[in-house]
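**Student:** Contents of query13.pdb (PDB, C-alpha atoms) are below:
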ATOM      1  CA  MET A   1      33.724 -24.548  52.740
ATOM      2  CA  LYS A   2      32.461 -21.090  52.219
ATOM      3  CA  SER A   3      28.771 -20.544  52.522
ATOM      4  CA  GLN A   4      27.112 -19.313  49.400
ATOM      5  CA  LYS A   5      25.006 -16.211  49.510
ATOM      6  CA  PRO A   6      21.647 -16.389  47.802
ATOM      7  CA  LYS A   7      21.686 -14.981  44.282
ATOM      8  CA  VAL A   8      19.290 -12.137  44.900
ATOM      9  CA  LYS A   9      20.633 -10.123  41.980
ATOM     10  CA  SER A  10      19.920 -12.865  39.458
ATOM     11  CA  GLN A  11      16.446 -13.368  40.930
ATOM     12  CA  LYS A  12      15.755  -9.634  40.450
ATOM     13  CA  TYR A  13      16.837  -9.886  36.843
ATOM     14  CA  GLY A  14      14.746 -13.018  36.384
ATOM     15  CA  ILE A  15      11.649 -11.228  37.670
ATOM     16  CA  PHE A  16      12.511  -8.182  35.547
ATOM     17  CA  TYR A  17      12.789 -10.287  32.381
ATOM     18  CA  LEU A  18       9.603 -12.148  33.238
ATOM     19  CA  LEU A  19       7.732  -8.845  33.657
ATOM     20  CA  LEU A  20       9.286  -7.511  30.455
ATOM     21  CA  LEU A  21       8.184 -10.613  28.580
ATOM     22  CA  LEU A  22       4.674 -10.285  30.019
ATOM     23  CA  CYS A  23       4.507  -6.629  28.932
ATOM     24  CA  LEU A  24       5.676  -7.523  25.434
ATOM     25  CA  VAL A  25       3.032 -10.239  25.137
ATOM     26  CA  ILE A  26       0.289  -7.868  26.319
ATOM     27  CA  PHE A  27       1.512  -5.097  23.993
ATOM     28  CA  SER A  28       1.738  -7.499  21.085
ATOM     29  CA  CYS A  29      -1.829  -8.686  21.607
ATOM     30  CA  THR A  30      -3.272  -5.192  21.924
ATOM     31  CA  SER A  31      -1.271  -3.766  19.057
ATOM     32  CA  GLN A  32      -2.224  -6.767  16.909
ATOM     33  CA  ASN A  33      -5.888  -5.866  17.412
ATOM     34  CA  SER A  34      -5.275  -2.253  16.446
ATOM     35  CA  ARG A  35      -3.175  -3.348  13.456
ATOM     36  CA  GLU A  36      -6.002  -5.602  12.361
ATOM     37  CA  ASP A  37      -8.416  -2.674  12.508
ATOM     38  CA  LYS A  38      -6.072  -0.334  10.663
ATOM     39  CA  GLY A  39      -4.673  -2.885   8.280
ATOM     40  CA  LYS A  40      -7.971  -4.364   7.204
ATOM     41  CA  LEU A  41      -8.047  -4.682   3.514
ATOM     42  CA  LEU A  42     -10.877  -3.292   1.518
ATOM     43  CA  GLU A  43     -13.582  -5.848   1.082
ATOM     44  CA  ILE A  44     -13.137  -7.752  -2.148
ATOM     45  CA  GLY A  45     -16.262  -7.321  -4.274
ATOM     46  CA  SER A  46     -17.229  -4.025  -2.659
ATOM     47  CA  PRO A  47     -17.536  -0.853  -4.741
ATOM     48  CA  ALA A  48     -14.311   1.126  -4.990
ATOM     49  CA  PRO A  49     -14.670   4.537  -3.326
ATOM     50  CA  ASP A  50     -14.861   7.260  -5.953
ATOM     51  CA  PHE A  51     -12.346  10.073  -5.772
ATOM     52  CA  SER A  52     -11.101  13.085  -7.647
ATOM     53  CA  LEU A  53      -7.352  13.362  -8.208
ATOM     54  CA  LYS A  54      -5.406  16.339  -9.481
ATOM     55  CA  LEU A  55      -2.695  14.928 -11.720
ATOM     56  CA  PHE A  56       0.832  16.270 -11.830
ATOM     57  CA  ASP A  57       0.081  17.763 -15.271
ATOM     58  CA  ASP A  58      -2.713  19.811 -13.579
ATOM     59  CA  LYS A  59      -5.543  17.830 -15.178
ATOM     60  CA  GLU A  60      -8.118  16.262 -12.895
ATOM     61  CA  VAL A  61      -9.584  12.763 -13.078
ATOM     62  CA  LYS A  62     -12.250  10.907 -11.161
ATOM     63  CA  LEU A  63     -12.233   7.174 -10.676
ATOM     64  CA  SER A  64     -15.819   7.110 -11.974
ATOM     65  CA  ASP A  65     -14.529   8.506 -15.302
ATOM     66  CA  PHE A  66     -13.116   5.039 -15.988
ATOM     67  CA  LYS A  67     -16.172   2.905 -15.249
ATOM     68  CA  GLY A  68     -16.280   0.191 -17.872
ATOM     69  CA  SER A  69     -12.500  -0.251 -17.800
ATOM     70  CA  PRO A  70     -10.385  -2.176 -15.321
ATOM     71  CA  VAL A  71      -8.338   0.163 -13.125
ATOM     72  CA  VAL A  72      -5.092  -0.455 -11.294
ATOM     73  CA  LEU A  73      -4.474   1.957  -8.425
ATOM     74  CA  ASN A  74      -0.998   2.134  -7.002
ATOM     75  CA  PHE A  75      -0.305   4.174  -3.877
ATOM     76  CA  TRP A  76       3.373   5.079  -3.584
ATOM     77  CA  ALA A  77       5.953   7.536  -2.274
ATOM     78  CA  SER A  78       9.354   8.490  -3.670
ATOM     79  CA  TRP A  79      11.064   7.690  -0.352
ATOM     80  CA  CYS A  80       9.605   4.156  -0.208
ATOM     81  CA  GLY A  81      12.114   1.396  -0.993
ATOM     82  CA  PRO A  82       9.564  -1.254  -2.078
ATOM     83  CA  CYS A  83       7.827   1.381  -4.233
ATOM     84  CA  ARG A  84      11.098   1.985  -6.036
ATOM     85  CA  GLU A  85      11.576  -1.754  -6.509
ATOM     86  CA  GLU A  86       8.143  -2.280  -8.062
ATOM     87  CA  ALA A  87       8.080   0.880 -10.219
ATOM     88  CA  PRO A  88       9.670  -0.725 -13.323
ATOM     89  CA  ALA A  89       7.259  -3.681 -13.103
ATOM     90  CA  LEU A  90       4.230  -1.390 -12.884
ATOM     91  CA  GLU A  91       5.340   0.595 -15.930
ATOM     92  CA  SER A  92       6.024  -2.614 -17.858
ATOM     93  CA  VAL A  93       2.590  -4.064 -17.051
ATOM     94  CA  TYR A  94       0.947  -0.742 -17.893
ATOM     95  CA  LYS A  95       2.563  -0.748 -21.350
ATOM     96  CA  LYS A  96       1.426  -4.324 -21.899
ATOM     97  CA  TYR A  97      -2.225  -3.629 -20.974
ATOM     98  CA  LYS A  98      -2.880  -0.017 -21.979
ATOM     99  CA  ASP A  99      -4.174  -1.106 -25.400
ATOM    100  CA  LYS A 100      -6.633  -3.422 -23.634
ATOM    101  CA  GLU A 101      -8.141  -0.331 -21.976
ATOM    102  CA  VAL A 102      -6.696  -1.063 -18.523
ATOM    103  CA  VAL A 103      -6.209   2.227 -16.701
ATOM    104  CA  PHE A 104      -3.317   2.730 -14.291
ATOM    105  CA  ILE A 105      -3.415   5.528 -11.729
ATOM    106  CA  GLY A 106      -0.491   6.240  -9.453
ATOM    107  CA  ILE A 107      -1.287   8.135  -6.272
ATOM    108  CA  ALA A 108       1.596   9.668  -4.346
ATOM    109  CA  VAL A 109       1.021   9.863  -0.605
ATOM    110  CA  GLN A 110       2.984  11.814   1.977
ATOM    111  CA  ASP A 111       5.438  13.025  -0.617
ATOM    112  CA  ARG A 112       6.655  16.397  -1.865
ATOM    113  CA  LYS A 113       5.705  17.289  -5.423
ATOM    114  CA  GLU A 114       9.292  17.829  -6.588
ATOM    115  CA  LYS A 115      10.337  14.429  -5.188
ATOM    116  CA  SER A 116       7.320  12.758  -6.813
ATOM    117  CA  LEU A 117       8.118  14.316 -10.191
ATOM    118  CA  LYS A 118      11.745  13.225  -9.907
ATOM    119  CA  TYR A 119      10.583   9.655  -9.116
ATOM    120  CA  ILE A 120       8.248   9.621 -12.141
ATOM    121  CA  LYS A 121      11.068  10.821 -14.375
ATOM    122  CA  GLU A 122      13.622   8.420 -12.879
ATOM    123  CA  PHE A 123      11.420   5.395 -13.589
ATOM    124  CA  SER A 124      10.028   6.740 -16.897
ATOM    125  CA  ILE A 125       6.471   6.347 -15.643
ATOM    126  CA  THR A 126       3.928   7.205 -18.329
ATOM    127  CA  TYR A 127       0.611   6.305 -16.700
ATOM    128  CA  LEU A 128      -1.580   8.817 -14.856
ATOM    129  CA  ASN A 129      -0.129  10.110 -11.599
ATOM    130  CA  GLY A 130      -1.132  12.655  -8.999
ATOM    131  CA  ALA A 131      -0.791  13.415  -5.321
ATOM    132  CA  ASP A 132      -3.282  12.798  -2.552
ATOM    133  CA  ASP A 133      -2.535  16.138  -0.896
ATOM    134  CA  THR A 134      -5.423  15.974   1.570
ATOM    135  CA  GLY A 135      -5.017  12.318   2.555
ATOM    136  CA  LYS A 136      -8.715  11.686   1.845
ATOM    137  CA  ILE A 137      -8.106   9.097  -0.872
ATOM    138  CA  ALA A 138      -5.607   7.249   1.323
ATOM    139  CA  GLU A 139      -8.119   7.265   4.159
ATOM    140  CA  ASP A 140     -10.929   5.937   1.956
ATOM    141  CA  TYR A 141      -8.661   3.184   0.635
ATOM    142  CA  LYS A 142      -7.257   2.293   4.072
ATOM    143  CA  ILE A 143      -3.683   3.168   3.202
ATOM    144  CA  TYR A 144      -1.528   2.542   6.260
ATOM    145  CA  GLY A 145       1.619   1.774   4.323
ATOM    146  CA  VAL A 146       2.980   1.966   0.817
ATOM    147  CA  PRO A 147       3.150   0.568  -1.708
ATOM    148  CA  LYS A 148      -0.426  -0.580  -2.039
ATOM    149  CA  THR A 149      -1.941  -1.879  -5.260
ATOM    150  CA  ILE A 150      -5.654  -2.279  -5.887
ATOM    151  CA  VAL A 151      -7.274  -3.783  -8.970
ATOM    152  CA  ILE A 152     -10.805  -2.640  -9.777
ATOM    153  CA  ASP A 153     -12.994  -4.443 -12.314
ATOM    154  CA  LYS A 154     -15.061  -2.928 -15.144
ATOM    155  CA  GLU A 155     -18.066  -2.516 -12.846
ATOM    156  CA  GLY A 156     -16.055  -0.521 -10.302
ATOM    157  CA  LYS A 157     -15.669  -3.316  -7.739
ATOM    158  CA  ILE A 158     -12.475  -4.125  -5.882
ATOM    159  CA  ARG A 159     -11.034  -7.458  -6.982
ATOM    160  CA  PHE A 160      -7.516  -7.316  -5.540
ATOM    161  CA  ASP A 161      -5.933  -5.414  -2.663
ATOM    162  CA  ARG A 162      -2.262  -5.777  -1.731
ATOM    163  CA  THR A 163      -0.145  -3.796   0.696
ATOM    164  CA  GLY A 164       3.532  -4.302  -0.096
ATOM    165  CA  GLY A 165       5.502  -4.660  -3.280
ATOM    166  CA  ILE A 166       3.991  -6.489  -6.216
ATOM    167  CA  LYS A 167       5.722  -8.501  -8.916
ATOM    168  CA  GLU A 168       4.996  -8.162 -12.615
ATOM    169  CA  ASP A 169       3.578 -11.669 -13.067
ATOM    170  CA  GLU A 170       1.297 -11.342 -10.040
ATOM    171  CA  LEU A 171      -0.153  -8.058 -11.302
ATOM    172  CA  GLU A 172      -0.657  -9.516 -14.782
ATOM    173  CA  TRP A 173      -2.486 -12.489 -13.212
ATOM    174  CA  GLU A 174      -4.858 -10.153 -11.342
ATOM    175  CA  ILE A 175      -5.484  -8.022 -14.425
ATOM    176  CA  GLU A 176      -6.221 -11.088 -16.553
ATOM    177  CA  LYS A 177      -8.849 -12.166 -14.014
ATOM    178  CA  VAL A 178     -10.753  -8.873 -14.371
ATOM    179  CA  LEU A 179     -10.450  -8.856 -18.157
ATOM    180  CA  LYS A 180     -12.349 -12.171 -18.452
TER     181      LYS A 180
END
For this file, produce the structure as structure tokens.

**Tutor:**
Amino acid sequence: MKSQKPKVKSQKYGIFYLLLLLCLVIFSCTSQNSREDKGKLLEIGSPAPDFSLKLFDDKEVKLSDFKGSPVVLNFWASWCGPCREEAPALESVYKKYKDKEVVFIGIAVQDRKEKSLKYIKEFSITYLNGADDTGKIAEDYKIYGVPKTIVIDKEGKIRFDRTGGIKEDELEWEIEKVLK
């Protein structure tokens, strides 16, 4: 019988994979904490931060201009896949609720004006839209990814905050709650 040599190579790989796993666990825990800080939603019931937005038609609006009406804010970018998926639903819900004095404001983030205008045309978007060129609005609203939809009640308080795509029926549900 031949004597077997110890499997030093496999032990090295075993230790390597164990250390790699340990590093991944540590990284995951620390990055989870930072994601929680960054990804914290706005506090439901808190006042929505006021802002001034230059629209693509060169007019300017302030959120405070719409106090007394529910407002739906949607942060988006033309390059964002989920934004493109939800765009028809947002326009459809806007058309359904515009006569009930629900205001929709689209805010393009990290996008070029010509791309934003092409997106608006492509999806036949008719509600107010402008670009957050300075990033200040996105910072105030804790935008760390798009799309993000926020529903604000008639008193200017945040009632819904969602990062990620939204479906038509879900948005209608949230709007109905603030119309009551």

**Student:** Please evaluate the PyMOL selection byres ((chain A and resi 133-138) around 9) against the displayed coordinates and give the resulting residues as an NGL selection string.

**Tutor:** :A and (49-53 or 75 or 107-111 or 130-132 or 139-144)

**Student:** Where's the centre, and what are the edge lengths in Å to one decimal, of a box along x, y and z enclosing all listed atoms of segment 148-164 of chain A padded 3 Å per side, as JSON?

**Tutor:**
{"center_x": -7.3, "center_y": -4.0, "center_z": -7.2, "size_x": 27.6, "size_y": 12.9, "size_z": 21.8}

**Student:** Tell me, in Å to one decimal, how far atom CA of Leu55 of chain A is from atom CA of Glu122 of chain A.

**Tutor:**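 Between atom CA of Leu55 of chain A and atom CA of Glu122 of chain A the gap is 17.6 Å.
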
**Student:** Work out how far apart atom CA of Thr126 of chain A and atom CA of Lys95 of chain A are and give it in Å to one decimal.

**Tutor:**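 A separation of 8.6 Å between them.
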
**Student:** Just how far from atom CA of Lys54 of chain A is atom CA of Ala89 of chain A, in Å to one decimal?

**Tutor:** 24.0 Å

**Student:** Translate the PyMOL selection byres ((chain A and resi 164) around 6) into a concrete residue list for this structure, as number ranges by chain.

**Tutor:** A: 147-148, 163, 165

**Student:** For the point (-10.3, 0.2, -8.6) in file coordinates, what residues are within 8 Å, counting all atoms listed in the file? Give the answer as a list in words?

**Tutor:**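 The residues that fall inside the cut-off are Ala48, Leu63, Pro70, Val71, Val72, Leu73, Ile150, Val151, Ile152, Asp153, Gly156, Lys157, Ile158 and Arg159 of chain A.
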
**Student:** I want to know what sits within 12 Å of Ala87 of chain A, based on only C-alpha atoms, with residues of the same chain fewer than 5 positions away left out; could you give that as a list in words?

**Tutor:**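 My reading of the contact set: Asn74, Phe75, Trp76, Ala77, Ser78, Cys80, Gly81, Pro82, Ser92, Val93, Tyr94, Gly106, Tyr119, Ile120, Lys121, Glu122, Phe123, Ser124, Ile125, Thr126, Tyr127, Pro147, Lys148, Thr149, Gly165, Ile166, Lys167 and Glu168 of chain A.
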
**Student:** Restricting the calculation to all atoms listed in the file, which member of A:Lys67, A:Lys118, A:Arg162, A:Lys154 is positioned closest to Leu42 of chain A?

**Tutor:** A:Arg162

**Student:** Of the candidates A:Ile105, A:Cys83, A:Leu117, A:Leu171, which shows the shortest atom-to-atom distance to Glu60 of chain A, using all atoms listed in the file?

**Tutor:** A:Ile105

**Student:** Find the residue from A:Ile44, A:Val178, A:Leu128, A:Leu90 that sits nearest to Lys62 of chain A; use only C-alpha atoms when measuring.

**Tutor:**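 Under the stated criterion, the closest residue is A:Leu128.
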
**Student:** For Lys115 of chain A, which of A:Val146, A:Phe160, A:Trp79, A:Ser64 is the closest residue, counting only C-alpha atoms?

**Tutor:**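 Checking each candidate against Lys115 of chain A, we get A:Trp79 as the closest.
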
**Student:** Of the residues A:Asp169, A:Asp65, A:Glu85, A:Phe56, which is the one nearest to Ser116 of chain A, using all atoms listed in the file?

**Tutor:** A:Phe56

**Student:** So, counting all atoms listed in the file, which residue among A:Asp161, A:Phe66, A:Gly45, A:Val102 is closest to Leu179 of chain A?

**Tutor:**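 Checking each of A:Asp161, A:Phe66, A:Gly45, A:Val102 against Leu179 of chain A, counting all atoms listed in the file, the winner is A:Val102.
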
**Student:** With the input short on atoms, add N, CA and C atoms back to segment 95-116 of chain A and write it as a CSV table (one decimal), in the frame of the given file.

**Tutor:**
chain,number,residue,atom,x,y,z
A,95,LYS,N,2.3,-0.8,-19.9
A,95,LYS,CA,2.6,-0.7,-21.4
A,95,LYS,C,2.0,-2.0,-22.0
A,96,LYS,N,2.0,-3.1,-21.3
A,96,LYS,CA,1.4,-4.3,-21.9
A,96,LYS,C,-0.1,-4.3,-22.0
A,97,TYR,N,-0.8,-3.6,-21.1
A,97,TYR,CA,-2.2,-3.6,-21.0
A,97,TYR,C,-2.9,-2.3,-21.4
A,98,LYS,N,-2.2,-1.3,-21.7
A,98,LYS,CA,-2.9,0.0,-22.0
A,98,LYS,C,-3.8,-0.1,-23.2
A,99,ASP,N,-3.4,-0.9,-24.2
A,99,ASP,CA,-4.2,-1.1,-25.4
A,99,ASP,C,-5.4,-2.0,-25.2
A,100,LYS,N,-5.5,-2.6,-24.0
A,100,LYS,CA,-6.6,-3.4,-23.6
A,100,LYS,C,-7.5,-2.6,-22.7
A,101,GLU,N,-7.3,-1.3,-22.7
A,101,GLU,CA,-8.1,-0.3,-22.0
A,101,GLU,C,-8.0,-0.5,-20.5
A,102,VAL,N,-6.9,-1.0,-20.0
A,102,VAL,CA,-6.7,-1.1,-18.5
A,102,VAL,C,-6.1,0.3,-18.1
A,103,VAL,N,-6.7,0.9,-17.2
A,103,VAL,CA,-6.2,2.2,-16.7
A,103,VAL,C,-5.3,2.0,-15.5
A,104,PHE,N,-4.2,2.7,-15.5
A,104,PHE,CA,-3.3,2.7,-14.3
A,104,PHE,C,-3.3,4.1,-13.7
A,105,ILE,N,-3.5,4.2,-12.4
A,105,ILE,CA,-3.4,5.5,-11.7
A,105,ILE,C,-2.5,5.4,-10.5
A,106,GLY,N,-1.4,6.2,-10.6
A,106,GLY,CA,-0.5,6.2,-9.5
A,106,GLY,C,-0.9,7.4,-8.5
A,107,ILE,N,-0.9,7.1,-7.2
A,107,ILE,CA,-1.3,8.1,-6.3
A,107,ILE,C,-0.2,8.3,-5.2
A,108,ALA,N,0.5,9.4,-5.3
A,108,ALA,CA,1.6,9.7,-4.3
A,108,ALA,C,1.0,10.1,-3.0
A,109,VAL,N,1.5,9.5,-1.9
A,109,VAL,CA,1.0,9.9,-0.6
A,109,VAL,C,2.2,10.3,0.2
A,110,GLN,N,2.0,11.3,1.1
A,110,GLN,CA,3.0,11.8,2.0
A,110,GLN,C,4.3,12.0,1.3
A,111,ASP,N,4.3,12.8,0.2
A,111,ASP,CA,5.4,13.0,-0.6
A,111,ASP,C,5.4,14.5,-1.1
A,112,ARG,N,6.6,15.0,-1.3
A,112,ARG,CA,6.7,16.4,-1.9
A,112,ARG,C,6.6,16.3,-3.4
A,113,LYS,N,5.9,17.3,-4.0
A,113,LYS,CA,5.7,17.3,-5.4
A,113,LYS,C,7.0,17.1,-6.2
A,114,GLU,N,8.0,17.9,-5.8
A,114,GLU,CA,9.3,17.8,-6.6
A,114,GLU,C,9.9,16.4,-6.5
A,115,LYS,N,9.8,15.8,-5.4
A,115,LYS,CA,10.3,14.4,-5.2
A,115,LYS,C,9.5,13.4,-6.0
A,116,SER,N,8.2,13.6,-6.0
A,116,SER,CA,7.3,12.8,-6.8
A,116,SER,C,7.6,12.9,-8.3
